[in-house]
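Undergrad: Below is the structure I would like to discuss, written out as structure tokens.
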Amino acid sequence: DDYVSRTYVNAEGRIVYLFIAYYLSQRSGKTLHSPQNCLPGAGWEIVQRGNLHLPDNAKINDFTIAKENDRMITFYWYQGRGRVEASEYWDKIYGVQDAVFKNRTDAALVRVMVDSSDKPGVEEVQRKTALDFINQVRPELSRFIPN
């Protein structure tokens, strides 16, 4: 039902890309879909995949993707109905449960990306830039994504 796609630049000039897609009600043909499907569909290759536990023990996806000479560090998660979830499968399971018991199917996909490269040290700096951004933005998300 709504989305935001923004580019942020920190004091050191490092760029962070934020994308949030929000659905007030998910139903057939109108649901969140996994970046694991849409990014390869747009020509990106997933070269590394994993999960990351944040300080509050929330688990998010941690991917590196590549397309031609570009590399991006990509973090994403599903958020809504009081949960942060890395797995699209568990998000769907909780979505069915919440539809039955809470009469709610709203949810958001939150994705944070930064440029990367094969140059020594660049990936570590960019990863820290993205995680610093995530730690700043996550407390604000509950103002916009209903718990």
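Residue numbering restarts at 1 in every chain; chains get A, B, ... in the order shown in the structure tokens, and ligands count up from 1 in that same order.
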From a backbone DSSP assignment, name each residue in range 8-98 of chain A labelled alpha helix (DSSP H), as a PyMOL selection string.

TA: chain A and resi 35-41+88-98

Undergrad: Just write the chosen residues, N, CA, C and O atoms, as a PDB file, in the first residue's frame.

TA:
```
ATOM      1  N   PRO A  35      13.490 -10.766  -1.652  1.00  0.00           N
ATOM      2  CA  PRO A  35      14.582 -10.286  -2.496  1.00  0.00           C
ATOM      3  C   PRO A  35      15.413 -11.430  -3.088  1.00  0.00           C
ATOM      4  O   PRO A  35      16.069 -11.250  -4.105  1.00  0.00           O
ATOM      5  N   GLN A  36      15.339 -12.613  -2.463  1.00  0.00           N
ATOM      6  CA  GLN A  36      16.048 -13.764  -3.021  1.00  0.00           C
ATOM      7  C   GLN A  36      15.491 -14.140  -4.388  1.00  0.00           C
ATOM      8  O   GLN A  36      16.154 -14.821  -5.167  1.00  0.00           O
ATOM      9  N   ASN A  37      14.273 -13.713  -4.682  1.00  0.00           N
ATOM     10  CA  ASN A  37      13.661 -13.963  -5.989  1.00  0.00           C
ATOM     11  C   ASN A  37      13.774 -12.760  -6.914  1.00  0.00           C
ATOM     12  O   ASN A  37      14.110 -12.916  -8.088  1.00  0.00           O
ATOM     13  N   CYS A  38      13.481 -11.568  -6.396  1.00  0.00           N
ATOM     14  CA  CYS A  38      13.433 -10.407  -7.287  1.00  0.00           C
ATOM     15  C   CYS A  38      14.818  -9.895  -7.676  1.00  0.00           C
ATOM     16  O   CYS A  38      14.996  -9.426  -8.803  1.00  0.00           O
ATOM     17  N   LEU A  39      15.807  -9.979  -6.781  1.00  0.00           N
ATOM     18  CA  LEU A  39      17.141  -9.505  -7.152  1.00  0.00           C
ATOM     19  C   LEU A  39      17.757 -10.342  -8.279  1.00  0.00           C
ATOM     20  O   LEU A  39      18.240  -9.770  -9.264  1.00  0.00           O
ATOM     21  N   PRO A  40      17.739 -11.686  -8.196  1.00  0.00           N
ATOM     22  CA  PRO A  40      18.230 -12.461  -9.344  1.00  0.00           C
ATOM     23  C   PRO A  40      17.404 -12.209 -10.609  1.00  0.00           C
ATOM     24  O   PRO A  40      17.943 -12.210 -11.719  1.00  0.00           O
ATOM     25  N   GLY A  41      16.117 -11.963 -10.439  1.00  0.00           N
ATOM     26  CA  GLY A  41      15.269 -11.654 -11.584  1.00  0.00           C
ATOM     27  C   GLY A  41      15.670 -10.350 -12.261  1.00  0.00           C
ATOM     28  O   GLY A  41      15.396 -10.148 -13.442  1.00  0.00           O
ATOM     29  N   GLU A  88      11.411 -15.577   5.123  1.00  0.00           N
ATOM     30  CA  GLU A  88      10.116 -15.326   4.487  1.00  0.00           C
ATOM     31  C   GLU A  88       9.124 -16.431   4.800  1.00  0.00           C
ATOM     32  O   GLU A  88       7.925 -16.212   4.842  1.00  0.00           O
ATOM     33  N   TYR A  89       9.621 -17.642   5.036  1.00  0.00           N
ATOM     34  CA  TYR A  89       8.734 -18.758   5.367  1.00  0.00           C
ATOM     35  C   TYR A  89       8.103 -18.572   6.741  1.00  0.00           C
ATOM     36  O   TYR A  89       6.896 -18.744   6.902  1.00  0.00           O
ATOM     37  N   TRP A  90       8.919 -18.210   7.732  1.00  0.00           N
ATOM     38  CA  TRP A  90       8.356 -17.972   9.061  1.00  0.00           C
ATOM     39  C   TRP A  90       7.453 -16.748   9.057  1.00  0.00           C
ATOM     40  O   TRP A  90       6.426 -16.723   9.743  1.00  0.00           O
ATOM     41  N   ASP A  91       7.793 -15.738   8.261  1.00  0.00           N
ATOM     42  CA  ASP A  91       6.924 -14.570   8.163  1.00  0.00           C
ATOM     43  C   ASP A  91       5.562 -14.959   7.607  1.00  0.00           C
ATOM     44  O   ASP A  91       4.530 -14.487   8.080  1.00  0.00           O
ATOM     45  N   LYS A  92       5.540 -15.855   6.617  1.00  0.00           N
ATOM     46  CA  LYS A  92       4.263 -16.331   6.059  1.00  0.00           C
ATOM     47  C   LYS A  92       3.486 -17.152   7.096  1.00  0.00           C
ATOM     48  O   LYS A  92       2.271 -17.007   7.225  1.00  0.00           O
ATOM     49  N   ILE A  93       4.196 -18.012   7.813  1.00  0.00           N
ATOM     50  CA  ILE A  93       3.530 -18.823   8.850  1.00  0.00           C
ATOM     51  C   ILE A  93       2.928 -17.925   9.926  1.00  0.00           C
ATOM     52  O   ILE A  93       1.762 -18.080  10.307  1.00  0.00           O
ATOM     53  N   TYR A  94       3.720 -16.965  10.409  1.00  0.00           N
ATOM     54  CA  TYR A  94       3.190 -16.027  11.407  1.00  0.00           C
ATOM     55  C   TYR A  94       2.061 -15.192  10.820  1.00  0.00           C
ATOM     56  O   TYR A  94       1.113 -14.830  11.521  1.00  0.00           O
ATOM     57  N   GLY A  95       2.140 -14.897   9.519  1.00  0.00           N
ATOM     58  CA  GLY A  95       1.077 -14.136   8.868  1.00  0.00           C
ATOM     59  C   GLY A  95      -0.251 -14.867   8.881  1.00  0.00           C
ATOM     60  O   GLY A  95      -1.300 -14.269   9.135  1.00  0.00           O
ATOM     61  N   VAL A  96      -0.222 -16.173   8.624  1.00  0.00           N
ATOM     62  CA  VAL A  96      -1.448 -16.979   8.678  1.00  0.00           C
ATOM     63  C   VAL A  96      -1.974 -17.015  10.113  1.00  0.00           C
ATOM     64  O   VAL A  96      -3.172 -16.829  10.360  1.00  0.00           O
ATOM     65  N   GLN A  97      -1.070 -17.243  11.047  1.00  0.00           N
ATOM     66  CA  GLN A  97      -1.457 -17.285  12.467  1.00  0.00           C
ATOM     67  C   GLN A  97      -2.078 -15.954  12.895  1.00  0.00           C
ATOM     68  O   GLN A  97      -3.122 -15.931  13.557  1.00  0.00           O
ATOM     69  N   ASP A  98      -1.456 -14.839  12.509  1.00  0.00           N
ATOM     70  CA  ASP A  98      -1.969 -13.524  12.898  1.00  0.00           C
ATOM     71  C   ASP A  98      -3.274 -13.190  12.188  1.00  0.00           C
ATOM     72  O   ASP A  98      -4.119 -12.487  12.745  1.00  0.00           O
TER      73      ASP A  98
END
```

Undergrad: Can you pull out every residue from chain A that DSSP, working from the backbone, puts in strand (DSSP E or B), and format the result as a ChimeraX atom specification?

TA: /A:2-9,15-23,27,30,45-53,59-67,70-80,83-85,107-116

Undergrad: Which residues are close to Ala21 in chain A, i.e. within 8 Å by only C-alpha atoms, leaving aside same-chain residues fewer than 6 positions away? Reply as a PyMOL selection string.

TA: chain A and resi 1-4+32+108-110

Undergrad: Do you know which residues are at most 9 Å from Phe133 in chain A counting only C-alpha atoms, after dropping those on the same chain fewer than 3 positions away, and could you put them as a PyMOL selection string?

TA: chain A and resi 10+16+112+128-130+136-138

Undergrad: Take the residues from that selection and put them in a file with C-alpha atoms, as a tab-separated table (two decimals), in the first residue's frame.

TA:
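As a result, again02.tsv now contains:
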```tsv
chain	number	residue	atom	x	y	z
A	10	ASN	CA	26.50	9.97	6.24
A	16	VAL	CA	23.14	3.92	2.20
A	112	VAL	CA	19.24	-1.65	3.47
A	128	LYS	CA	29.77	-1.05	9.47
A	129	THR	CA	28.16	1.90	7.67
A	130	ALA	CA	25.05	-0.18	6.90
A	136	GLN	CA	19.65	4.27	13.90
A	137	VAL	CA	16.61	3.57	11.72
A	138	ARG	CA	15.14	0.49	13.44
```

Undergrad: Please report the interatomic distance between CA of Ile73 in chain A and CA of Asn147 in chain A in Å with one decimal.

TA: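 CA of Asn147 in chain A lies 27.5 Å from CA of Ile73 in chain A.
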
Undergrad: Within 10 Å of Thr74 in chain A, counting only C-alpha atoms, which residues qualify if same-chain residues fewer than 2 places away don't, as a PyMOL selection string?

TA: chain A and resi 17+35+46+48-49+61-65+71-72+76+111-116+127+130
